[in-house]
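S.K.: Got query-v9.txt for you, compact mmCIF, C-alpha atoms:
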# COMPACT_ATOMS: atom_id res chain seq x y z
CA MET A 8 -12.21 15.03 -1.66
CA ALA A 9 -9.73 16.24 0.98
CA LYS A 10 -6.28 17.03 -0.35
CA GLU A 11 -4.47 16.87 2.98
CA ILE A 12 -1.87 14.10 3.20
CA GLN A 13 -1.58 12.24 6.49
CA ASN A 14 -0.48 8.87 7.76
CA GLY A 15 -3.07 6.39 6.54
CA SER A 16 -4.06 8.41 3.47
CA ILE A 17 -4.71 6.35 0.36
CA LEU A 18 -3.36 7.68 -2.91
CA VAL A 19 -5.07 6.56 -6.10
CA SER A 20 -3.23 7.29 -9.33
CA GLU A 21 -4.99 9.15 -12.12
CA PRO A 22 -6.01 6.84 -15.00
CA PHE A 23 -3.26 7.77 -17.47
CA LEU A 24 -0.25 8.34 -15.23
CA GLY A 25 2.22 6.75 -17.65
CA ASP A 26 4.79 5.81 -14.98
CA PRO A 27 4.98 1.98 -14.94
CA ASN A 28 5.85 2.04 -11.22
CA PHE A 29 2.56 3.73 -10.37
CA GLU A 30 0.22 3.08 -13.29
CA ARG A 31 -3.28 2.43 -11.89
CA SER A 32 -1.83 2.03 -8.45
CA VAL A 33 -3.16 2.45 -4.94
CA VAL A 34 -0.60 3.61 -2.37
CA LEU A 35 -0.96 3.60 1.40
CA VAL A 36 0.85 6.52 3.05
CA CYS A 37 2.73 5.02 6.00
CA GLN A 38 4.63 8.13 7.07
CA HIS A 39 4.20 11.76 6.10
CA ASP A 40 6.20 14.46 7.86
CA LYS A 41 8.66 17.29 7.18
CA GLU A 42 11.24 14.75 5.98
CA GLY A 43 8.97 13.58 3.15
CA THR A 44 6.56 10.74 2.52
CA VAL A 45 6.86 6.94 2.56
CA GLY A 46 4.17 4.74 1.11
CA LEU A 47 3.49 1.21 -0.14
CA VAL A 48 1.84 0.31 -3.45
CA LEU A 49 -0.96 -2.07 -2.49
CA ASN A 50 -1.96 -3.54 -5.83
CA LYS A 51 1.22 -4.68 -7.61
CA LEU A 52 2.33 -8.24 -6.92
CA SER A 53 5.88 -9.50 -7.35
CA ASN A 54 6.89 -13.00 -8.38
CA ILE A 55 8.55 -13.56 -5.00
CA ASN A 56 7.09 -15.52 -2.08
CA LEU A 57 7.77 -14.69 1.56
CA SER A 58 9.64 -18.00 2.02
CA ASP A 59 12.06 -16.89 -0.72
CA VAL A 60 13.32 -14.01 1.43
CA ILE A 61 12.96 -15.10 5.08
CA GLU A 62 13.04 -18.36 6.95
CA ILE A 63 9.51 -19.33 7.82
CA ASN A 64 7.50 -22.50 7.82
CA GLY A 65 6.31 -22.10 4.23
CA GLU A 66 3.84 -24.95 4.58
CA ILE A 67 1.74 -22.95 7.04
CA PHE A 68 2.35 -19.42 5.89
CA ASP A 69 3.63 -18.46 2.49
CA ILE A 70 2.30 -15.54 0.52
CA THR A 71 3.30 -13.60 -2.56
CA LEU A 72 5.00 -10.30 -1.81
CA ALA A 73 3.66 -7.07 -3.25
CA VAL A 74 5.91 -4.48 -4.87
CA GLY A 75 5.76 -1.55 -2.45
CA GLY A 76 7.47 0.77 -4.90
CA PRO A 77 10.66 1.42 -6.82
CA MET A 78 12.78 2.55 -3.85
CA GLN A 79 15.18 0.01 -2.30
CA PRO A 80 13.63 -3.11 -3.86
CA ASN A 81 15.85 -5.29 -1.66
CA THR A 82 14.04 -4.21 1.54
CA LEU A 83 11.06 -5.93 3.15
CA HIS A 84 8.13 -3.95 4.60
CA TYR A 85 4.83 -5.01 6.13
CA ILE A 86 1.48 -3.61 7.19
CA HIS A 87 -0.68 -5.53 9.62
CA LYS A 88 -3.46 -5.62 12.18
CA ILE A 89 -1.30 -6.95 15.03
CA GLN A 90 -1.89 -4.39 17.79
CA ASP A 91 0.64 -5.80 20.24
CA LEU A 92 3.65 -6.20 17.90
CA PRO A 93 6.50 -4.26 19.58
CA GLU A 94 7.90 -1.24 17.71
CA ALA A 95 5.06 -1.14 15.14
CA LYS A 96 3.92 2.31 13.99
CA GLN A 97 0.18 2.91 14.06
CA ILE A 98 -1.14 4.17 10.71
CA SER A 99 -4.85 4.12 11.58
CA PRO A 100 -6.89 2.75 14.50
CA GLU A 101 -6.65 -0.81 13.12
CA LEU A 102 -3.60 -0.75 10.84
CA PHE A 103 0.13 -0.81 11.68
CA TRP A 104 3.40 -0.58 9.75
CA GLY A 105 6.55 -2.53 10.59
CA GLY A 106 7.48 -3.69 14.05
CA ASN A 107 9.89 -6.08 15.70
CA PHE A 108 10.84 -8.49 12.92
CA GLU A 109 12.15 -11.30 15.16
CA GLU A 110 8.92 -11.32 17.16
CA LEU A 111 6.89 -11.26 13.95
CA THR A 112 8.68 -14.29 12.44
CA ARG A 113 8.43 -16.14 15.76
CA ARG A 114 4.65 -15.63 15.81
CA ILE A 115 4.32 -16.61 12.14
CA ASN A 116 6.25 -19.85 12.74
CA LEU A 117 4.10 -20.64 15.78
CA GLY A 118 0.95 -20.14 13.70
CA LEU A 119 -0.18 -17.16 15.79
CA ILE A 120 -0.62 -14.85 12.78
CA SER A 121 -2.99 -15.48 9.90
CA GLN A 122 -2.37 -14.39 6.32
CA GLU A 123 -5.45 -12.13 6.58
CA GLN A 124 -3.70 -10.04 9.26
CA ILE A 125 -0.63 -8.99 7.28
CA ARG A 126 0.73 -7.97 3.87
CA PHE A 127 4.40 -7.96 2.88
CA PHE A 128 6.15 -5.72 0.33
CA VAL A 129 9.51 -5.49 -1.38
CA GLY A 130 10.65 -1.92 -1.78
CA TYR A 131 8.66 1.20 -1.02
CA SER A 132 7.54 4.48 -2.56
CA GLY A 133 9.10 7.72 -1.43
CA TRP A 134 8.69 11.44 -2.01
CA SER A 135 10.91 14.29 -0.88
CA PRO A 136 9.35 17.10 1.21
CA HIS A 137 6.55 18.84 -0.75
CA GLN A 138 7.00 16.56 -3.82
CA LEU A 139 3.86 14.52 -3.18
CA GLN A 140 1.75 17.62 -2.51
CA GLU A 141 2.93 19.09 -5.82
CA GLU A 142 1.87 15.87 -7.60
CA ILE A 143 -1.53 15.99 -5.87
CA ASP A 144 -1.98 19.63 -6.89
CA LYS A 145 -1.34 18.54 -10.51
CA ASN A 146 -4.00 15.77 -10.13
CA VAL A 147 -1.48 12.95 -10.48
CA TRP A 148 -2.94 11.44 -7.30
CA PHE A 149 -6.40 11.46 -5.74
CA ILE A 150 -6.57 11.15 -1.93
CA THR A 151 -9.06 9.27 0.20
CA ASN A 152 -9.10 7.90 3.74
CA LYS A 153 -12.31 5.88 3.48
CA ALA A 154 -10.96 2.35 3.01
CA VAL A 155 -7.84 2.39 5.16
CA ASN A 156 -9.14 -0.10 7.75
CA LYS A 157 -10.36 -2.52 5.05
CA LEU A 158 -7.16 -2.58 2.99
CA LEU A 159 -6.02 -6.06 3.93
CA ASN A 160 -9.34 -7.55 2.84
CA LEU A 161 -9.78 -5.90 -0.55
CA ASN A 162 -9.18 -7.64 -3.90
CA ILE A 163 -5.77 -6.62 -5.27
CA ASP A 164 -6.81 -7.10 -8.91
CA SER A 165 -9.70 -4.64 -8.69
CA LEU A 166 -8.42 -2.39 -5.87
CA TRP A 167 -7.74 0.69 -8.03
CA ARG A 168 -11.18 0.52 -9.64
CA ASP A 169 -12.99 -0.39 -6.39
CA ILE A 170 -11.55 2.53 -4.42
CA LEU A 171 -12.38 5.00 -7.19
CA LYS A 172 -15.96 3.71 -7.17
CA GLN A 173 -16.11 4.08 -3.37
CA MET A 174 -14.92 7.68 -3.69
CA GLY A 175 -18.01 8.41 -5.83
CA GLY A 176 -18.72 11.45 -8.00
CA LYS A 177 -16.20 12.10 -10.78
CA TYR A 178 -13.89 9.45 -9.34
CA LYS A 179 -16.47 6.77 -10.03
CA MET A 180 -16.31 7.78 -13.70
CA TYR A 181 -12.50 7.36 -13.75
CA ALA A 182 -12.90 3.76 -12.57
CA ASN A 183 -14.33 2.84 -15.98
CA TYR A 184 -11.62 4.48 -18.09
CA PRO A 185 -9.88 1.91 -20.32
CA ALA A 186 -6.18 1.27 -19.63
CA ASP A 187 -5.43 2.23 -23.25
CA PRO A 188 -7.89 4.83 -24.56
CA ASN A 189 -6.79 4.05 -28.14
CA LEU A 190 -8.42 0.64 -27.79
CA ASN A 191 -11.77 2.16 -26.81
Let me see the structure of the file written as structure tokens.
M.R.:
Amino acid sequence: MAKEIQNGSILVSEPFLGDPNFERSVVLVCQHDKEGTVGLVLNKLSNINLSDVIEINGEIFDITLAVGGPMQPNTLHYIHKIQDLPEAKQISPELFWGGNFEELTRRINLGLISQEQIRFFVGYSGWSPHQLQEEIDKNVWFITNKAVNKLLNLNIDSLWRDILKQMGGKYKMYANYPADPNLN
């Protein structure tokens, strides 16, 4: 598996990471450059709904926010498939990060955006320059780029296991590791 980090890389935590923020997590790398790395945990849900943090028509569009990571938990982030949202950063050919928030909420309230097109997160994950590469070199994270364009459609509950299975080889074996090996 390639070990090069890039925008759109998917990080899959090793089975026994031990850090509750990243235990059995799948992280989408949104930005990786000389300043460091920013990512969003894709498979940890919060107990907060979108209508709890922004004014939207909750009857048409209200979803549970994911926990993007431990950094700045009072910030709101989003990934989406809305190609014409101004100021959005392209992560992959079909996936974008952020964008003009006023335009986004306007489109949501007009019913122009479906829940299948977007995911929202509170907080984010961040690494200083070289920190993430050091963690990858120590096998804390596995990297893949195979599922990046399918991320909004995958099951959150089984995402960690499903991506490991997709990666094949030894990674497929990790997918079946019990969360607590003492209970095996």
S.K.: With distances taken over only C-alpha atoms, which residue among A:Leu35, A:Leu166, A:Leu83, A:Leu47 lies nearest A:Leu18?
M.R.: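 Smallest distance to A:Leu18 is found for A:Leu35.
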S.K.: Using only C-alpha atoms, find the one residue out of A:Tyr178, A:Gln138, A:Tyr184, A:Ser121 that sits nearest to A:Ile150.
M.R.: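 Closest to A:Ile150 of all the choices is A:Tyr178.
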S.K.: So that I can check the surroundings of A:Pro136, please list as a PyMOL selection string every protein, DNA and RNA residue that reaches within 12 Å of it, counting only C-alpha atoms and ignoring chain neighbours fewer than 6 positions away.
M.R.: chain A and resi 12+38-45+142
S.K.: For A:Leu139, which residue among A:Pro93, A:Gly46, A:Gly106, A:Pro22 is the nearest when counting only C-alpha atoms?
M.R.: A:Gly46
S.K.: Determine, using only C-alpha atoms, which residues of stretch 76-185 of chain A have any atom at most 9 Å from an atom of stretch 53-63 of chain A, and tabulate each with its shortest atom pair and distance in Å to one decimal place, rows ordered by chain and then rising number, as CSV.
M.R.:
residue,atom,partner,partner_atom,distance
A:Leu83,CA,A:Val60,CA,8.6
A:Thr112,CA,A:Ile63,CA,6.9
A:Arg113,CA,A:Ile63,CA,8.6
A:Ile115,CA,A:Ile63,CA,7.3
A:Asn116,CA,A:Ile63,CA,5.9
A:Phe127,CA,A:Leu57,CA,7.6
A:Phe128,CA,A:Ser53,CA,8.6
A:Val129,CA,A:Ser53,CA,8.1
S.K.: For stretch 52-63 of chain A, take all atoms listed in the file, fit an axis-aligned box around them, add 5 Å to each of the six sides, then output centre and edge lengths in Å rounded to one decimal, as lines of an AutoDock Vina configuration file.
M.R.:
center_x = 7.8
center_y = -13.8
center_z = -0.3
size_x = 21.0
size_y = 21.1
size_z = 26.2
S.K.: Grab the atom CA of A:Gly175 to atom CA of A:Glu30 distance for me, in Å with one decimal place.
M.R.: 20.4 Å
S.K.: Kindly indicate which residue among A:Tyr131, A:Glu11, A:Val19, A:Gln79 lies nearest to A:Gln173, using only C-alpha atoms for the distances.
M.R.: A:Val19
S.K.: Choose the residue, out of A:Ile86, A:Ile170, A:Leu117, A:Val147, that has the smallest atom-to-atom separation from A:Val36; count all atoms listed in the file.
M.R.: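 Comparing A:Ile86, A:Ile170, A:Leu117, A:Val147 against A:Val36, the winner is A:Ile86.
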S.K.: Can you tell me how far atom CA of A:Gly76 sits from atom CA of A:Ser132, in Å to one decimal?
M.R.: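 Atom-to-atom, atom CA of A:Gly76 and atom CA of A:Ser132 are spaced 4.4 Å apart.
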S.K.: At what distance in Å, to one decimal, does atom CA of A:Asn50 lie from atom CA of A:Leu111?
M.R.: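 These atoms are spaced 23.0 Å apart.
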S.K.: Could you list, as a list of chain:residue names, every residue within 9 Å of stretch 160-163 of chain A, counting only C-alpha atoms and ignoring same-chain residues fewer than 3 positions away?
M.R.: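 That gives A:Leu49, A:Asn50, A:Lys51, A:Leu52, A:Glu123, A:Gln124, A:Asn156, A:Lys157, A:Leu166, A:Trp167, A:Asp169.
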S.K.: Would you list the contacts of A:Asn107 as a list in words, taking every protein, DNA or RNA residue within 7 Å and counting all atoms listed in the file, but skipping same-chain residues closer than 5 positions in sequence?
M.R.: Leu92, Pro93, Glu94 and Ala95 of chain A
S.K.: Output requested as a short mmCIF file (atom, residue, chain, number, x, y, z; two decimals), keeping the file's coordinate frame - stretch 13-40 of chain A, filled out with N, CA and C atoms.
M.R.:
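And here is the file that came out, part27.cif:
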data_model
loop_
_atom_site.label_atom_id
_atom_site.label_comp_id
_atom_site.auth_asym_id
_atom_site.auth_seq_id
_atom_site.Cartn_x
_atom_site.Cartn_y
_atom_site.Cartn_z
N GLN A 13 -1.86 12.62 5.11
CA GLN A 13 -1.58 12.24 6.49
C GLN A 13 -1.25 10.75 6.52
N ASN A 14 -0.71 10.30 7.61
CA ASN A 14 -0.48 8.87 7.76
C ASN A 14 -1.82 8.16 7.60
N GLY A 15 -1.84 7.12 6.79
CA GLY A 15 -3.07 6.39 6.54
C GLY A 15 -3.84 6.87 5.32
N SER A 16 -3.41 7.97 4.71
CA SER A 16 -4.06 8.41 3.47
C SER A 16 -3.85 7.34 2.38
N ILE A 17 -4.82 7.26 1.50
CA ILE A 17 -4.71 6.35 0.36
C ILE A 17 -4.61 7.22 -0.88
N LEU A 18 -3.57 6.98 -1.65
CA LEU A 18 -3.36 7.68 -2.91
C LEU A 18 -3.81 6.78 -4.04
N VAL A 19 -4.60 7.31 -4.94
CA VAL A 19 -5.07 6.56 -6.10
C VAL A 19 -4.57 7.30 -7.32
N SER A 20 -3.81 6.61 -8.17
CA SER A 20 -3.23 7.29 -9.33
C SER A 20 -4.30 7.65 -10.34
N GLU A 21 -4.07 8.76 -11.06
CA GLU A 21 -4.99 9.15 -12.12
C GLU A 21 -4.91 8.08 -13.22
N PRO A 22 -5.92 7.95 -14.05
CA PRO A 22 -6.01 6.84 -15.00
C PRO A 22 -4.88 6.73 -16.01
N PHE A 23 -4.27 7.84 -16.41
CA PHE A 23 -3.26 7.77 -17.47
C PHE A 23 -1.91 8.29 -17.00
N LEU A 24 -1.48 7.85 -15.84
CA LEU A 24 -0.25 8.34 -15.23
C LEU A 24 0.97 8.14 -16.12
N GLY A 25 1.11 6.98 -16.74
CA GLY A 25 2.22 6.75 -17.65
C GLY A 25 3.50 6.27 -17.00
N ASP A 26 3.61 6.32 -15.69
CA ASP A 26 4.79 5.81 -14.98
C ASP A 26 4.51 4.36 -14.63
N PRO A 27 5.28 3.40 -15.20
CA PRO A 27 4.98 1.98 -14.94
C PRO A 27 5.04 1.58 -13.47
N ASN A 28 5.79 2.34 -12.66
CA ASN A 28 5.85 2.04 -11.22
C ASN A 28 4.54 2.34 -10.52
N PHE A 29 3.77 3.28 -11.07
CA PHE A 29 2.56 3.73 -10.37
C PHE A 29 1.31 3.70 -11.24
N GLU A 30 1.38 3.13 -12.42
CA GLU A 30 0.22 3.08 -13.29
C GLU A 30 -0.93 2.32 -12.63
N ARG A 31 -2.07 2.98 -12.52
CA ARG A 31 -3.28 2.43 -11.89
C ARG A 31 -2.97 1.82 -10.52
N SER A 32 -2.23 2.55 -9.75
CA SER A 32 -1.83 2.03 -8.45
C SER A 32 -2.58 2.69 -7.30
N VAL A 33 -2.59 1.98 -6.19
CA VAL A 33 -3.16 2.45 -4.94
C VAL A 33 -2.02 2.38 -3.93
N VAL A 34 -1.73 3.52 -3.29
CA VAL A 34 -0.60 3.61 -2.37
C VAL A 34 -1.10 4.00 -0.99
N LEU A 35 -0.67 3.26 0.01
CA LEU A 35 -0.96 3.60 1.40
C LEU A 35 0.17 4.46 1.93
N VAL A 36 -0.15 5.66 2.44
CA VAL A 36 0.85 6.52 3.05
C VAL A 36 1.12 6.01 4.46
N CYS A 37 2.35 5.55 4.69
CA CYS A 37 2.73 5.02 6.00
C CYS A 37 3.32 6.10 6.90
N GLN A 38 4.02 7.05 6.28
CA GLN A 38 4.63 8.13 7.07
C GLN A 38 4.68 9.39 6.22
N HIS A 39 4.16 10.45 6.77
CA HIS A 39 4.20 11.76 6.10
C HIS A 39 4.59 12.79 7.14
N ASP A 40 5.74 13.42 6.93
CA ASP A 40 6.20 14.46 7.86
C ASP A 40 7.11 15.42 7.11
#
